[in-house]
$ cat structure.cif   # mmCIF, C-alpha atoms and all ligand atoms
data_data
loop_
_atom_site.group_PDB
_atom_site.id
_atom_site.type_symbol
_atom_site.label_atom_id
_atom_site.label_comp_id
_atom_site.auth_asym_id
_atom_site.auth_seq_id
_atom_site.Cartn_x
_atom_site.Cartn_y
_atom_site.Cartn_z
ATOM 1 C CA MET A 5 98.765 -249.286 50.282
ATOM 2 C CA ARG A 6 95.050 -248.679 50.585
ATOM 3 C CA ASP A 7 95.231 -245.035 51.604
ATOM 4 C CA LEU A 8 97.610 -242.213 52.400
ATOM 5 C CA PHE A 9 96.822 -238.884 53.980
ATOM 6 C CA PHE A 10 98.376 -236.257 56.217
ATOM 7 C CA LEU A 11 97.452 -234.681 59.560
ATOM 8 C CA SER A 12 99.014 -231.808 61.465
ATOM 9 C CA ALA A 13 99.811 -232.423 65.113
ATOM 10 C CA ALA A 14 100.504 -228.864 66.238
ATOM 11 C CA ASP A 15 100.842 -225.242 65.260
ATOM 12 C CA PHE A 16 104.095 -223.372 65.788
ATOM 13 C CA VAL A 17 103.836 -219.596 65.595
ATOM 14 C CA VAL A 18 107.256 -218.150 64.775
ATOM 15 C CA ARG A 19 108.785 -214.962 63.412
ATOM 16 C CA SER A 20 108.806 -215.192 59.632
ATOM 17 C CA SER A 21 112.346 -213.821 59.555
ATOM 18 C CA LEU A 22 113.591 -216.963 61.287
ATOM 19 C CA VAL A 23 112.243 -219.339 58.707
ATOM 20 C CA GLN A 24 112.049 -217.285 55.498
ATOM 21 C CA PRO A 25 114.826 -215.751 53.442
ATOM 22 C CA GLY A 26 115.064 -211.963 53.559
ATOM 23 C CA PRO A 27 115.606 -209.305 56.230
ATOM 24 C CA LEU A 28 116.043 -210.416 59.813
ATOM 25 C CA PHE A 29 114.092 -207.514 61.294
ATOM 26 C CA ALA A 30 110.739 -208.351 59.701
ATOM 27 C CA LYS A 31 108.165 -208.606 62.470
ATOM 28 C CA THR A 32 105.533 -210.716 60.762
ATOM 29 C CA ARG A 33 104.767 -214.123 62.143
ATOM 30 C CA GLU A 34 103.712 -217.293 60.511
ATOM 31 C CA THR A 35 102.255 -220.592 61.538
ATOM 32 C CA LEU A 36 104.080 -223.837 60.908
ATOM 33 C CA SER A 37 102.529 -227.280 60.854
ATOM 34 C CA CYS A 38 103.679 -230.547 62.402
ATOM 35 C CA THR A 39 102.914 -232.906 59.545
ATOM 36 C CA VAL A 40 102.309 -236.602 60.171
ATOM 37 C CA ALA A 41 101.782 -239.051 57.302
ATOM 38 C CA VAL A 42 99.168 -241.777 57.812
ATOM 39 C CA CYS A 43 99.562 -244.897 55.652
ATOM 40 C CA VAL A 44 96.669 -247.370 55.638
ATOM 41 C CA ARG A 45 98.109 -250.696 54.559
ATOM 42 C CA ASP A 46 96.137 -253.331 52.650
ATOM 43 C CA ASP A 47 95.651 -255.382 55.848
ATOM 44 C CA GLY A 48 94.034 -252.388 57.592
ATOM 45 C CA SER A 49 96.988 -251.638 59.848
ATOM 46 C CA LEU A 50 98.353 -248.104 60.012
ATOM 47 C CA VAL A 51 101.930 -246.919 59.687
ATOM 48 C CA LEU A 52 102.614 -243.353 60.726
ATOM 49 C CA VAL A 53 105.566 -241.266 59.676
ATOM 50 C CA ASP A 54 106.173 -239.286 62.865
ATOM 51 C CA ALA A 55 103.552 -239.000 65.578
ATOM 52 C CA GLY A 56 103.450 -235.409 66.825
ATOM 53 C CA PHE A 57 102.816 -234.787 70.521
ATOM 54 C CA SER A 58 101.014 -237.057 72.952
ATOM 55 C CA GLU A 59 97.375 -236.720 73.919
ATOM 56 C CA ALA A 60 98.525 -235.670 77.408
ATOM 57 C CA ALA A 61 100.836 -232.969 76.021
ATOM 58 C CA CYS A 62 98.086 -231.652 73.769
ATOM 59 C CA ARG A 63 95.769 -231.422 76.780
ATOM 60 C CA ASP A 64 98.288 -229.786 79.113
ATOM 61 C CA PRO A 65 101.426 -228.652 77.268
ATOM 62 C CA ILE A 66 102.868 -226.698 80.187
ATOM 63 C CA GLN A 67 102.638 -229.641 82.573
ATOM 64 C CA GLU A 68 103.979 -232.139 80.019
ATOM 65 C CA LEU A 69 106.549 -230.116 78.100
ATOM 66 C CA GLY A 70 107.296 -227.161 80.341
ATOM 67 C CA CYS A 71 106.783 -223.473 79.813
ATOM 68 C CA PHE A 72 110.253 -222.941 78.332
ATOM 69 C CA THR A 73 109.866 -225.527 75.559
ATOM 70 C CA ARG A 74 106.408 -224.288 74.711
ATOM 71 C CA ARG A 75 107.552 -220.665 74.466
ATOM 72 C CA CYS A 76 110.786 -221.436 72.619
ATOM 73 C CA LEU A 77 108.943 -223.372 69.950
ATOM 74 C CA GLY A 78 106.011 -220.952 69.720
ATOM 75 C CA LEU A 79 103.947 -224.056 70.290
ATOM 76 C CA ARG A 80 100.149 -223.926 70.179
ATOM 77 C CA LEU A 81 98.491 -227.155 71.232
ATOM 78 C CA SER A 82 94.927 -228.133 71.972
ATOM 79 C CA PRO A 83 93.380 -231.571 72.653
ATOM 80 C CA GLU A 84 92.223 -231.764 69.022
ATOM 81 C CA HIS A 85 95.820 -231.719 67.803
ATOM 82 C CA ALA A 86 96.608 -235.172 69.213
ATOM 83 C CA ILE A 87 97.061 -237.559 66.288
ATOM 84 C CA VAL A 88 95.241 -240.307 68.184
ATOM 85 C CA HIS A 89 92.265 -237.978 68.578
ATOM 86 C CA GLN A 90 92.294 -237.041 64.870
ATOM 87 C CA LEU A 91 92.532 -240.700 63.803
ATOM 88 C CA GLU A 92 89.642 -241.666 66.050
ATOM 89 C CA ALA A 93 87.578 -238.819 64.600
ATOM 90 C CA LEU A 94 88.223 -240.361 61.164
ATOM 91 C CA GLY A 95 87.001 -243.764 62.366
ATOM 92 C CA PHE A 96 90.299 -245.492 63.120
ATOM 93 C CA ASP A 97 91.227 -247.241 66.344
ATOM 94 C CA ARG A 98 94.489 -246.480 68.148
ATOM 95 C CA GLY A 99 95.208 -250.226 68.221
ATOM 96 C CA GLN A 100 95.436 -250.260 64.407
ATOM 97 C CA VAL A 101 98.704 -248.314 64.447
ATOM 98 C CA ALA A 102 101.344 -250.987 63.956
ATOM 99 C CA ALA A 103 104.373 -248.763 63.505
ATOM 100 C CA VAL A 104 105.649 -245.232 63.833
ATOM 101 C CA VAL A 105 108.555 -244.465 61.524
ATOM 102 C CA ALA A 106 110.539 -241.620 63.062
ATOM 103 C CA THR A 107 112.158 -239.231 60.615
ATOM 104 C CA HIS A 108 114.108 -238.429 63.775
ATOM 105 C CA CYS A 109 113.441 -238.679 67.489
ATOM 106 C CA HIS A 110 112.862 -235.040 68.465
ATOM 107 C CA LEU A 111 109.986 -234.496 70.871
ATOM 108 C CA ASP A 112 107.674 -232.994 68.243
ATOM 109 C CA HIS A 113 108.071 -236.109 66.082
ATOM 110 C CA ILE A 114 107.716 -239.053 68.451
ATOM 111 C CA GLY A 115 105.988 -237.588 71.516
ATOM 112 C CA GLY A 116 102.691 -239.143 70.386
ATOM 113 C CA LEU A 117 104.119 -242.664 70.229
ATOM 114 C CA CYS A 118 102.845 -243.451 73.733
ATOM 115 C CA ASP A 119 99.228 -243.148 72.534
ATOM 116 C CA PHE A 120 99.559 -246.234 70.320
ATOM 117 C CA PRO A 121 99.834 -249.414 72.412
ATOM 118 C CA ASN A 122 100.579 -251.759 69.481
ATOM 119 C CA ALA A 123 103.044 -249.562 67.639
ATOM 120 C CA GLU A 124 106.687 -250.343 67.208
ATOM 121 C CA LEU A 125 109.048 -247.426 66.849
ATOM 122 C CA ILE A 126 111.221 -247.653 63.739
ATOM 123 C CA ALA A 127 114.237 -245.359 63.862
ATOM 124 C CA THR A 128 117.934 -245.367 63.030
ATOM 125 C CA SER A 129 120.471 -246.425 65.655
ATOM 126 C CA GLU A 130 121.975 -242.913 65.589
ATOM 127 C CA GLU A 131 118.635 -241.415 66.606
ATOM 128 C CA LEU A 132 118.064 -244.015 69.311
ATOM 129 C CA LYS A 133 121.531 -243.312 70.651
ATOM 130 C CA ALA A 134 120.919 -239.563 70.614
ATOM 131 C CA ILE A 135 117.670 -239.851 72.552
ATOM 132 C CA GLY A 136 119.077 -242.412 74.962
ATOM 133 C CA ASP A 137 122.236 -240.470 75.843
ATOM 134 C CA ILE A 138 122.675 -239.792 79.508
ATOM 135 C CA ALA A 139 123.213 -236.098 78.833
ATOM 136 C CA PRO A 140 120.016 -235.111 77.026
ATOM 137 C CA ARG A 141 120.569 -233.345 73.713
ATOM 138 C CA LEU A 142 118.502 -230.436 72.542
ATOM 139 C CA GLY A 143 115.157 -231.557 71.196
ATOM 140 C CA TYR A 144 115.335 -235.117 72.528
ATOM 141 C CA ARG A 145 113.288 -236.330 75.482
ATOM 142 C CA PRO A 146 114.384 -239.712 76.881
ATOM 143 C CA THR A 147 110.894 -240.317 78.282
ATOM 144 C CA ASP A 148 109.583 -240.519 74.696
ATOM 145 C CA LEU A 149 111.817 -243.525 74.061
ATOM 146 C CA ALA A 150 110.878 -245.092 77.383
ATOM 147 C CA GLN A 151 107.260 -245.197 76.160
ATOM 148 C CA ALA A 152 108.120 -247.348 73.142
ATOM 149 C CA GLN A 153 106.605 -250.828 73.461
ATOM 150 C CA GLN A 154 108.782 -252.253 70.701
ATOM 151 C CA LEU A 155 111.784 -250.914 68.855
ATOM 152 C CA ARG A 156 113.085 -251.688 65.411
ATOM 153 C CA ILE A 157 116.404 -250.296 64.311
ATOM 154 C CA ALA A 158 116.222 -249.156 60.703
ATOM 155 C CA GLN A 159 119.348 -250.361 58.939
ATOM 156 C CA LEU A 160 119.637 -248.646 55.607
ATOM 157 C CA THR A 161 121.406 -251.427 53.733
ATOM 158 C CA GLY A 162 119.631 -250.794 50.423
ATOM 159 C CA PRO A 163 121.061 -248.896 47.464
ATOM 160 C CA ARG A 164 121.241 -245.213 46.700
ATOM 161 C CA HIS A 165 117.762 -243.992 45.798
ATOM 162 C CA LEU A 166 116.399 -240.652 44.531
ATOM 163 C CA GLY A 167 119.814 -239.084 45.172
ATOM 164 C CA PHE A 168 119.988 -240.191 48.822
ATOM 165 C CA PRO A 169 123.009 -242.352 49.684
ATOM 166 C CA ALA A 170 121.221 -245.354 51.260
ATOM 167 C CA SER A 171 117.729 -246.794 51.557
ATOM 168 C CA LEU A 172 115.504 -249.397 53.169
ATOM 169 C CA ASP A 173 112.357 -250.694 51.493
ATOM 170 C CA LEU A 174 110.415 -251.300 54.703
ATOM 171 C CA PHE A 175 108.022 -254.021 53.536
ATOM 172 C CA GLY A 176 109.735 -255.020 50.295
ATOM 173 C CA ASP A 177 106.849 -253.676 48.195
ATOM 174 C CA GLY A 178 108.206 -250.223 47.355
ATOM 175 C CA GLU A 179 105.393 -248.464 49.221
ATOM 176 C CA ILE A 180 107.374 -247.151 52.208
ATOM 177 C CA THR A 181 111.075 -246.532 51.632
ATOM 178 C CA LEU A 182 113.362 -245.036 54.237
ATOM 179 C CA LEU A 183 116.129 -242.795 52.881
ATOM 180 C CA ASP A 184 119.291 -241.513 54.515
ATOM 181 C CA ALA A 185 118.698 -237.765 54.889
ATOM 182 C CA GLU A 186 121.273 -236.932 57.536
ATOM 183 C CA GLY A 187 122.110 -233.393 58.611
ATOM 184 C CA HIS A 188 119.333 -231.916 60.749
ATOM 185 C CA SER A 189 120.144 -234.737 63.163
ATOM 186 C CA SER A 190 122.603 -237.598 63.027
ATOM 187 C CA GLY A 191 120.283 -240.392 61.879
ATOM 188 C CA HIS A 192 117.627 -238.351 60.146
ATOM 189 C CA LEU A 193 115.425 -240.107 57.569
ATOM 190 C CA ALA A 194 113.273 -238.997 54.680
ATOM 191 C CA VAL A 195 110.456 -241.413 53.886
ATOM 192 C CA LEU A 196 109.171 -242.094 50.380
ATOM 193 C CA LEU A 197 105.484 -243.040 50.406
ATOM 194 C CA VAL A 198 103.664 -244.415 47.385
ATOM 195 C CA GLY A 199 99.908 -244.472 47.855
ATOM 196 C CA PRO A 200 96.758 -244.288 45.762
ATOM 197 C CA SER A 201 96.803 -240.481 45.781
ATOM 198 C CA GLY A 202 100.384 -240.313 44.513
ATOM 199 C CA ALA A 203 103.975 -240.386 45.718
ATOM 200 C CA TYR A 204 105.202 -238.187 48.545
ATOM 201 C CA LEU A 205 108.523 -237.728 50.278
ATOM 202 C CA HIS A 206 108.063 -236.939 53.970
ATOM 203 C CA ALA A 207 111.282 -235.033 54.492
ATOM 204 C CA GLY A 208 110.966 -234.516 58.248
ATOM 205 C CA ASP A 209 113.111 -231.557 59.291
ATOM 206 C CA ALA A 210 115.697 -232.058 56.525
ATOM 207 C CA LEU A 211 114.248 -228.746 55.424
ATOM 208 C CA LEU A 212 111.888 -226.626 57.478
ATOM 209 C CA LEU A 213 110.141 -225.020 54.538
ATOM 210 C CA GLU A 214 109.870 -225.907 50.871
ATOM 211 C CA TRP A 215 111.857 -222.888 49.611
ATOM 212 C CA GLU A 216 115.030 -224.328 51.161
ATOM 213 C CA ALA A 217 115.150 -226.893 48.367
ATOM 214 C CA GLY A 218 114.144 -224.369 45.741
ATOM 215 C CA GLN A 219 115.970 -222.740 42.932
ATOM 216 C CA GLY A 220 116.876 -219.092 43.251
ATOM 217 C CA PHE A 221 116.379 -218.905 47.000
ATOM 218 C CA GLU A 222 118.308 -221.877 48.272
ATOM 219 C CA GLY A 223 118.557 -223.129 51.796
ATOM 220 C CA PRO A 224 119.301 -224.034 54.359
ATOM 221 C CA GLY A 225 117.399 -221.306 56.130
ATOM 222 C CA ARG A 226 118.675 -219.611 59.271
ATOM 223 C CA VAL A 227 117.055 -221.963 61.741
ATOM 224 C CA SER A 228 117.874 -225.073 59.720
ATOM 225 C CA ARG A 229 121.548 -224.118 59.677
ATOM 226 C CA LEU A 230 121.582 -223.098 63.324
ATOM 227 C CA ILE A 231 120.098 -226.288 64.742
ATOM 228 C CA CYS A 232 121.582 -228.940 62.429
ATOM 229 C CA THR A 233 124.059 -231.430 63.842
ATOM 230 C CA ASP A 234 126.111 -231.783 60.643
ATOM 231 C CA ALA A 235 126.179 -228.863 58.212
ATOM 232 C CA ARG A 236 127.929 -230.755 55.404
ATOM 233 C CA ALA A 237 125.512 -233.659 55.609
ATOM 234 C CA LEU A 238 122.632 -231.169 55.584
ATOM 235 C CA ASP A 239 124.013 -229.604 52.393
ATOM 236 C CA ARG A 240 124.215 -233.053 50.769
ATOM 237 C CA THR A 241 120.641 -233.836 51.779
ATOM 238 C CA LEU A 242 119.405 -230.476 50.511
ATOM 239 C CA GLU A 243 121.178 -231.072 47.202
ATOM 240 C CA ALA A 244 119.270 -234.349 46.777
ATOM 241 C CA LEU A 245 116.023 -232.559 47.676
ATOM 242 C CA ARG A 246 116.807 -229.714 45.277
ATOM 243 C CA GLN A 247 117.253 -232.159 42.409
ATOM 244 C CA LEU A 248 113.999 -233.846 43.390
ATOM 245 C CA GLY A 249 112.322 -230.438 43.382
ATOM 246 C CA ILE A 250 113.408 -229.923 39.763
ATOM 247 C CA ASP A 251 112.112 -233.378 38.819
ATOM 248 C CA GLU A 252 108.913 -232.748 40.808
ATOM 249 C CA SER A 253 108.093 -229.673 38.752
ATOM 250 C CA ALA A 254 108.619 -231.843 35.667
ATOM 251 C CA GLY A 255 106.101 -234.296 37.137
ATOM 252 C CA SER A 256 108.564 -237.148 37.563
ATOM 253 C CA ALA A 257 109.300 -237.098 41.294
ATOM 254 C CA PRO A 258 107.402 -237.392 44.564
ATOM 255 C CA ARG A 259 105.905 -234.334 46.255
ATOM 256 C CA ILE A 260 108.322 -233.108 48.917
ATOM 257 C CA VAL A 261 106.598 -232.710 52.290
ATOM 258 C CA PRO A 262 108.655 -230.820 54.887
ATOM 259 C CA ALA A 263 107.360 -231.624 58.377
ATOM 260 C CA HIS A 264 106.675 -228.001 59.270
ATOM 261 C CA ASP A 265 105.603 -226.306 56.050
ATOM 262 C CA ARG A 266 101.983 -225.268 56.557
ATOM 263 C CA ARG A 267 101.565 -224.121 52.941
ATOM 264 C CA VAL A 268 102.588 -227.536 51.650
ATOM 265 C CA PHE A 269 100.413 -229.227 54.264
ATOM 266 C CA ASP A 270 97.388 -227.267 53.081
ATOM 267 C CA THR A 271 97.737 -228.814 49.602
ATOM 268 C CA LEU A 272 97.839 -232.452 50.814
ATOM 269 C CA PRO A 273 94.996 -234.966 51.300
ATOM 270 C CA HIS A 274 93.791 -234.813 54.929
ATOM 271 C CA ALA A 275 91.401 -237.749 55.101
ATOM 272 C CA PRO A 276 90.987 -241.236 53.638
ATOM 273 C CA LEU A 277 89.842 -241.279 50.024
ATOM 274 C CA ASP A 278 86.569 -243.030 50.827
ATOM 275 C CA SER A 279 85.736 -241.198 54.058
ATOM 276 C CA GLY A 280 83.618 -238.537 52.427
ATOM 277 C CA ALA A 281 85.065 -236.211 55.053
ATOM 278 C CA VAL A 282 85.510 -232.614 54.028
ATOM 279 C CA SER A 283 89.088 -232.022 54.947
ATOM 280 C CA ASP A 284 89.782 -228.661 56.460
ATOM 281 C CA PRO A 285 93.491 -228.403 57.195
ATOM 282 C CA ARG A 286 92.967 -225.379 59.403
ATOM 283 C CA SER A 287 90.384 -227.017 61.630
ATOM 284 C CA THR A 288 93.015 -227.759 64.273
ATOM 285 C CA SER A 289 94.706 -224.375 64.125
ATOM 286 C CA ARG A 290 91.443 -222.576 64.792
ATOM 287 C CA SER A 291 91.086 -224.266 68.125
ATOM 288 C CA ALA A 292 94.684 -223.526 69.200
HETATM 289 ZN ZN ZN B 1 110.477 -230.858 64.020
#

$ encode --input "structure.cif" --output "structure tokens"
Amino acid sequence: MRDLFFLSAADFVVRSSLVQPGPLFAKTRETLSCTVAVCVRDDGSLVLVDAGFSEAACRDPIQELGCFTRRCLGLRLSPEHAIVHQLEALGFDRGQVAAVVATHCHLDHIGGLCDFPNAELIATSEELKAIGDIAPRLGYRPTDLAQAQQLRIAQLTGPRHLGFPASLDLFGDGEITLLDAEGHSSGHLAVLLVGPSGAYLHAGDALLLEWEAGQGFEGPGRVSRLICTDARALDRTLEALRQLGIDESAGSAPRIVPAHDRRVFDTLPHAPLDSGAVSDPRSTSRSA
């Protein structure tokens, strides 16, 4: 992999008490990210882990997503949040995106897929079933799947890896490995990424914030528990993440990247190594 960096596709402003441990009545708010990993492969093609919201939704969230969804999620979007816009600002072309790996198919994770005409969507069959169900499930938007030009079902036939029960080495080179991290949703993935700036585990929504896999305060948090589809599977996934967290502090495990943890996002690389760009992780949130 030639490069690996992270962009945020949205801001979510939520009550801290929903996502942090501690008293429920606290009135403070905090801003969550919507973290997308950008892998630049040696052939110049891009693989994204998740894709945020579409350019159209970022321009007009009420028209595209509806007032209810926007309010419920505390969603703040502006045109600059669109991943396609951010990639173009960094000098990439939307046609370079060859694949979007979906940690899961919720609207805040694959809504941006439609902006990439050459991208195949890689997701588990459970996620594709959930989004394609006739009766829409919470968080899934069938129109997002309808936009997919090509689909690849991720079959996790590889061995147990990093404490997760099954895996798939996407290109057979160990650089992008899909891991079974079920719980938040039925076919949820975590994605291990090994790039020049280090190893990262994009954990999607397996945990909302880093503390949920911590020691002392242990998750899942209130919202994670409330919205998961399988509480026992979520506990298993969190146990694997917790062990990784211990190994990470010992320097022997990838950095865990929850999709919505703004504090973690702020510590990540936000531009290609050779771009010379000064990465300002809050540049998008200022314009929200
Ligand atoms: Zn999410």

$ residues_around --input "structure.cif" --residues "Ala103 in chain A" --least-positions-apart "4" --cutoff "6 Å" --atoms "all atoms listed in the file" --output "ChimeraX atom specification"
/A:51,123-125

$ residues_around --input "structure.cif" --residues "Tyr204 in chain A" --least-positions-apart "5" --cutoff "8 Å" --atoms "all atoms listed in the file" --output "list in words"
Leu196, Leu197, Val198, Pro258, Arg259, Ile260 and Val261 of chain A

$ resolve_selection --input "structure.cif" --expression "the PyMOL selection byres (((chain A and resi 13-27) around 7) and not hetatm)" --output "list in words"
Leu11, Ser12, Leu28, Phe29, Ala30, Lys31, Thr32, Arg33, Glu34, Thr35, Leu36, Ser37, Cys38, Thr39, Val40, Gly56, Phe57, Leu77, Gly78, Leu79, Arg80, Leu81, His85, Ala86, Ile87, Gly225, Arg226, Val227 and Ser289 of chain A

$ residues_near_ligand --input "structure.cif" --ligand "ligand ZN 1 (chain B)" --cutoff "9 Å" --atoms "all atoms listed in the file" --output "number ranges by chain"
A: 38, 56, 108, 110-113, 143, 208-209, 212, 263-264

$ residues_near_point --input "structure.cif" --point "(119.2, -242.9, 72.9)" --cutoff "12 Å" --atoms "all atoms listed in the file" --output "ChimeraX atom specification"
/A:108-110,127-141,144-150,152,155,157,190-191

$ closest_residue --input "structure.cif" --among "A:Asp119, A:Asp46, A:Glu84, A:Asp239" --to "His188 in chain A" --atoms "all atoms listed in the file"
A:Asp239

$ atom_distance --input "structure.cif" --atom1 "CA of His192 in chain A" --atom2 "CA of Glu222 in chain A"
20.3 Å

$ atom_distance --input "structure.cif" --atom1 "CA of Ala194 in chain A" --atom2 "CA of Arg75 in chain A"
27.6 Å

$ resolve_selection --input "structure.cif" --expression "the PyMOL selection byres (((chain A and resi 166-174) around 8) and not hetatm)" --output "PyMOL selection string"
chain A and resi 158-165+175-185+241+244-245+247-248

$ resolve_selection --input "structure.cif" --expression "the PyMOL selection byres (((chain A and resi 223) around 10) and not hetatm)" --output "JSON list (two decimals) with C-alpha atoms, in the coordinates of the input"
[["chain", "number", "residue", "atom", "x", "y", "z"],
["A", 24, "GLN", "CA", 112.05, -217.28, 55.50],
["A", 25, "PRO", "CA", 114.83, -215.75, 53.44],
["A", 211, "LEU", "CA", 114.25, -228.75, 55.42],
["A", 212, "LEU", "CA", 111.89, -226.63, 57.48],
["A", 213, "LEU", "CA", 110.14, -225.02, 54.54],
["A", 214, "GLU", "CA", 109.87, -225.91, 50.87],
["A", 215, "TRP", "CA", 111.86, -222.89, 49.61],
["A", 216, "GLU", "CA", 115.03, -224.33, 51.16],
["A", 217, "ALA", "CA", 115.15, -226.89, 48.37],
["A", 218, "GLY", "CA", 114.14, -224.37, 45.74],
["A", 219, "GLN", "CA", 115.97, -222.74, 42.93],
["A", 220, "GLY", "CA", 116.88, -219.09, 43.25],
["A", 221, "PHE", "CA", 116.38, -218.90, 47.00],
["A", 222, "GLU", "CA", 118.31, -221.88, 48.27],
["A", 224, "PRO", "CA", 119.30, -224.03, 54.36],
["A", 225, "GLY", "CA", 117.40, -221.31, 56.13],
["A", 226, "ARG", "CA", 118.68, -219.61, 59.27],
["A", 228, "SER", "CA", 117.87, -225.07, 59.72],
["A", 229, "ARG", "CA", 121.55, -224.12, 59.68],
["A", 238, "LEU", "CA", 122.63, -231.17, 55.58],
["A", 239, "ASP", "CA", 124.01, -229.60, 52.39],
["A", 242, "LEU", "CA", 119.40, -230.48, 50.51],
["A", 243, "GLU", "CA", 121.18, -231.07, 47.20],
["A", 246, "ARG", "CA", 116.81, -229.71, 45.28]]

$ atom_distance --input "structure.cif" --atom1 "CA of Leu205 in chain A" --atom2 "CA of Arg266 in chain A"
15.4 Å

$ closest_residue --input "structure.cif" --among "A:Ala237, A:Cys232, A:Leu91, A:Ala257" --to "Ala203 in chain A" --atoms "only C-alpha atoms"
A:Ala257

$ closest_residue --input "structure.cif" --among "A:Val195, A:Leu230, A:Ala235, A:Leu69" --to "Asp54 in chain A" --atoms "only C-alpha atoms"
A:Val195

$ closest_residue --input "structure.cif" --among "A:Leu94, A:Asp64, A:Ser82, A:Ser58" --to "His274 in chain A" --atoms "all atoms listed in the file"
A:Leu94
